[in-house]
Amino acid sequence: MLRQRVLTAIAIVVPVFLLIVFGSSRAFALFALLVIAIGAWEWGRLVGFVSGVSRILYTLAIPALAGLLLLFWVQGGWSTLHAWVLALASLWWLGVLVGLLGYHPGLGDHGWGRFLLRVAGFFTLVPAAVALVWLHVANPHWLLYLLVLVAAADTGAYFAGRRFGRTRLAPEISPGKTREGVFGALMAVILVATVAAWLFGLVPMDALLFVLLSVVVALVSVAGDLQESVLKREAGAKDSGTLLPGHGGVLDRVDSLTAAAPVFVTGLLWASLQPGGL
C-alpha cells in the first residue's frame with residue numbers, strides 16, 4: 001500500500017511540477033479546470049446525485065462557471081470581480097470553520113443540509129481554480145510555495161499526530177485527527193514559511209506578514225480537509241473516488257488546497273506582498 005501511494009504521488013508531482021515551471025498559464029488553467037471537473041464529478045456522487053443526467057449537469061456547471069471567470073480574465077485582465085470571488089470564498093471558509101464546530105452526523109438527511117452540501121461544491125471548487133491560476137500568472141513560485149506549504153502542513157500533522165496525538169480534534173467528523181497534529185502542522189508551516197520568506201527576499205515586516213499569512217492558510221486548509229470528511233461521512237464513503245491508486249479520489253488529494261488557495265491569494269493581495277527573490 002505504501003509503495004503504491006509513493007508511486008502514485010511521484011506520477012502526480014513530477015508532471016504537475018513541470019507544468020507549473022515550464023507550462024504557459026493557459027495550459028495550467030486548462031489543467032486546473034480538468035482537476036475541478038473531476039472533483040465536481042466526485043462531489044456529485046457524495047452529495048447524492050445518483051442519476052447520470054443530474055450528476056453530469058452538476059459536473060459541467062462547476063468548471064463552466066470557473067471557465068467563464070477565467071475567460072473574463074483573459075479578455076480584460078484581473079478585475080474587481082475576481083477579487084470579490086476570492087474574498088467571498090475566504091468568508092465562506094470562515095463560515096465553514098464555524099459550521100464544523102457545530103456539526104453532527106445526519107446533515108445530509110435534511111433537505112436544507114443536502115442543498116448546502118451541493119452548493120458547497122461551487123464555493124469550494126470555483127474559487128480554488130481562479131486562485132490557482134492567479135498564482136501561476138502572478139508568479140509560478142507563489143504557486144509552488146502554496147503546494148509545499150499544504151504538503152508541509154499535512155506531513156507535520158501526520159507525524160505529530162502519530163507520535164503525540166492524544167486529543168481528538170473533531171471526533172464526529174474525522175476521529176484520526178488530533179489537536180497535537182494541528183500543532184505539528186503549524187510548527188512545520190512556520191519553518192517552511194520562514195525559509196521561503198528569506199528565499200523570496202522579503203523585508204522583515206513583509207516576512208512577518210508572510211509567515212502569519214502562511215499560518216492562517218494552514219489552519220484554513222484543515223477546514224478543507226474536514227469539510228471533505230463531512231461529505232464522505234454523510235455519503236458513507238471511505239474515499240471520494242478511486243482514480244488515484246493508494247490515495248482515493250482527486251478530492252482526497254486537493255481538499256486542503258481548495259481551502260488554502262483563495263485565502264492565500266486574498267492575503268497576498270491584502271498585504272501587497274511581492275517576491276523579491278527567486
# chains A, B, ... in the order shown; residues from 1 in each chain; ligands from 1
$ residues_around --residues "stretch 119-123 of chain A" --least-positions-apart "4" --cutoff "8 Å" --atoms "only C-alpha atoms" --output "PyMOL selection string"
chain A and resi 40+43+62+89+92+115+127
$ closest_atom_pairs --of "stretch 100-174 of chain A" --to "stretch 215-227 of chain A" --cutoff "12 Å" --atoms "only C-alpha atoms" --output "tab-separated table"
residue	atom	partner	partner_atom	distance
A:Leu100	CA	A:Gln227	CA	7.7
A:Leu101	CA	A:Ala223	CA	10.4
A:Tyr103	CA	A:Gln227	CA	10.2
A:Leu116	CA	A:Gln227	CA	11.8
A:Leu117	CA	A:Gln227	CA	9.4
A:Ala120	CA	A:Gln227	CA	9.3
A:Gly121	CA	A:Gln227	CA	10.4
A:Phe123	CA	A:Gly224	CA	11.4
A:Thr124	CA	A:Gly224	CA	8.4
A:Leu125	CA	A:Gly224	CA	10.8
A:Ala128	CA	A:Gly224	CA	11.1
A:Tyr145	CA	A:Val217	CA	11.9
A:Leu146	CA	A:Val217	CA	9.1
A:Leu147	CA	A:Ala218	CA	11.1
A:Val148	CA	A:Ala218	CA	11.1
A:Leu149	CA	A:Ala218	CA	7.5
A:Val150	CA	A:Ala218	CA	6.7
A:Ala151	CA	A:Ala218	CA	9.8
A:Ala152	CA	A:Ala218	CA	9.2
A:Ala153	CA	A:Ala218	CA	6.3
A:Asp154	CA	A:Val222	CA	8.8
A:Thr155	CA	A:Ala218	CA	11.7
A:Gly156	CA	A:Ala218	CA	10.8
A:Ala157	CA	A:Val222	CA	9.8
A:Leu169	CA	A:Leu226	CA	10.0
A:Ala170	CA	A:Leu226	CA	8.3
A:Pro171	CA	A:Leu226	CA	10.8
A:Glu172	CA	A:Leu226	CA	10.4
A:Ile173	CA	A:Leu226	CA	6.8
A:Ser174	CA	A:Leu226	CA	7.0
$ atom_distance --atom1 "atom CA of A:Gly165" --atom2 "atom CA of A:Gly95"
26.6 Å
$ closest_residue --among "A:Met205, A:Leu132, A:Ile12, A:Val211" --to "A:Met187" --atoms "only C-alpha atoms"
A:Val211
$ residues_around --residues "stretch 251-254 of chain A" --least-positions-apart "5" --cutoff "7 Å" --atoms "only C-alpha atoms" --output "list in words"
Gly39, Asp239 and Ser240 of chain A
$ closest_residue --among "A:Trp84, A:Val126, A:Leu34, A:Ala260" --to "A:Ala66" --atoms "only C-alpha atoms"
A:Val126
$ select_by_dssp --residues "stretch 197-265 of chain A" --states "helix (DSSP H, G or I)" --output "ChimeraX atom specification"
/A:197-199,204-235,250-265
$ closest_residue --among "A:Phe17, A:Phe200, A:Phe159, A:Trp93" --to "A:Phe264" --atoms "only C-alpha atoms"
A:Trp93
$ select_by_dssp --residues "stretch 47-199 of chain A" --states "strand (DSSP E)" --output "list in words"
Arg168, Leu169, Ala170, Ser174, Pro175, Gly176, Lys177 and Thr178 of chain A
$ write_last_selection --atoms "C-alpha atoms" --output "compact mmCIF listing (two decimals), in the first residue's frame"
# COMPACT_ATOMS: atom_id res chain seq x y z
CA ARG A 168 -9.18 14.35 19.07
CA LEU A 169 -9.78 17.46 17.01
CA ALA A 170 -13.21 16.63 15.57
CA SER A 174 -12.60 12.58 11.47
CA PRO A 175 -11.58 10.62 14.59
CA GLY A 176 -7.99 10.24 13.38
CA LYS A 177 -7.19 13.96 13.50
CA THR A 178 -5.83 15.38 16.75
$ closest_residue --among "A:Val98, A:Ile56, A:Ala87, A:Leu107" --to "A:Thr266" --atoms "only C-alpha atoms"
A:Ala87
$ residues_around --residues "A:Leu68" --least-positions-apart "4" --cutoff "12 Å" --atoms "only C-alpha atoms" --output "mmCIF file with N, CA, C and O atoms, in the first residue's frame"
data_model
loop_
_atom_site.group_PDB
_atom_site.id
_atom_site.type_symbol
_atom_site.label_atom_id
_atom_site.label_comp_id
_atom_site.auth_asym_id
_atom_site.auth_seq_id
_atom_site.Cartn_x
_atom_site.Cartn_y
_atom_site.Cartn_z
ATOM 1 N N ALA A 29 -4.256 26.685 -16.717
ATOM 2 C CA ALA A 29 -5.678 26.946 -16.487
ATOM 3 C C ALA A 29 -6.527 25.774 -16.963
ATOM 4 O O ALA A 29 -7.482 25.364 -16.292
ATOM 5 N N LEU A 33 -8.934 23.452 -14.614
ATOM 6 C CA LEU A 33 -10.340 23.195 -14.913
ATOM 7 C C LEU A 33 -10.620 21.696 -14.991
ATOM 8 O O LEU A 33 -11.684 21.233 -14.562
ATOM 9 N N ALA A 61 -21.403 22.179 -14.609
ATOM 10 C CA ALA A 61 -21.711 23.536 -14.154
ATOM 11 C C ALA A 61 -20.541 24.176 -13.418
ATOM 12 O O ALA A 61 -20.252 25.366 -13.598
ATOM 13 N N ILE A 62 -19.846 23.397 -12.589
ATOM 14 C CA ILE A 62 -18.775 23.961 -11.767
ATOM 15 C C ILE A 62 -17.583 24.413 -12.611
ATOM 16 O O ILE A 62 -17.162 25.579 -12.522
ATOM 17 N N PRO A 63 -16.990 23.576 -13.468
ATOM 18 C CA PRO A 63 -15.885 24.070 -14.302
ATOM 19 C C PRO A 63 -16.346 25.110 -15.318
ATOM 20 O O PRO A 63 -15.554 25.967 -15.722
ATOM 21 N N ALA A 64 -17.632 25.062 -15.745
ATOM 22 C CA ALA A 64 -18.136 26.069 -16.682
ATOM 23 C C ALA A 64 -18.123 27.449 -16.034
ATOM 24 O O ALA A 64 -17.725 28.450 -16.667
ATOM 25 N N PHE A 72 -13.198 35.841 -18.703
ATOM 26 C CA PHE A 72 -13.246 37.283 -18.463
ATOM 27 C C PHE A 72 -11.852 37.814 -18.145
ATOM 28 O O PHE A 72 -11.479 38.920 -18.532
ATOM 29 N N TRP A 73 -11.086 37.009 -17.435
ATOM 30 C CA TRP A 73 -9.733 37.399 -17.062
ATOM 31 C C TRP A 73 -8.857 37.533 -18.307
ATOM 32 O O TRP A 73 -8.116 38.503 -18.470
ATOM 33 N N VAL A 74 -8.940 36.552 -19.194
ATOM 34 C CA VAL A 74 -8.143 36.571 -20.415
ATOM 35 C C VAL A 74 -8.477 37.803 -21.256
ATOM 36 O O VAL A 74 -7.598 38.455 -21.839
ATOM 37 N N GLN A 75 -9.758 38.153 -21.285
ATOM 38 C CA GLN A 75 -10.186 39.266 -22.126
ATOM 39 C C GLN A 75 -9.917 40.622 -21.498
ATOM 40 O O GLN A 75 -9.562 41.575 -22.200
ATOM 41 N N LEU A 81 -14.100 41.892 -9.930
ATOM 42 C CA LEU A 81 -14.950 40.705 -9.857
ATOM 43 C C LEU A 81 -14.176 39.519 -9.306
ATOM 44 O O LEU A 81 -14.644 38.808 -8.408
ATOM 45 N N HIS A 82 -12.978 39.286 -9.836
ATOM 46 C CA HIS A 82 -12.171 38.155 -9.380
ATOM 47 C C HIS A 82 -11.755 38.329 -7.919
ATOM 48 O O HIS A 82 -11.735 37.361 -7.151
ATOM 49 N N VAL A 126 -14.822 26.390 -7.491
ATOM 50 C CA VAL A 126 -14.687 27.509 -8.433
ATOM 51 C C VAL A 126 -13.623 28.514 -7.978
ATOM 52 O O VAL A 126 -12.698 28.830 -8.735
ATOM 53 N N PRO A 127 -13.688 29.046 -6.744
ATOM 54 C CA PRO A 127 -12.645 29.992 -6.311
ATOM 55 C C PRO A 127 -11.257 29.360 -6.269
ATOM 56 O O PRO A 127 -10.256 30.048 -6.495
ATOM 57 N N ALA A 129 -9.985 27.180 -8.362
ATOM 58 C CA ALA A 129 -9.421 27.239 -9.712
ATOM 59 C C ALA A 129 -8.950 28.649 -10.051
ATOM 60 O O ALA A 129 -7.856 28.839 -10.594
ATOM 61 N N VAL A 130 -9.769 29.652 -9.731
ATOM 62 C CA VAL A 130 -9.401 31.048 -10.011
ATOM 63 C C VAL A 130 -8.123 31.415 -9.253
ATOM 64 O O VAL A 130 -7.211 32.047 -9.807
#
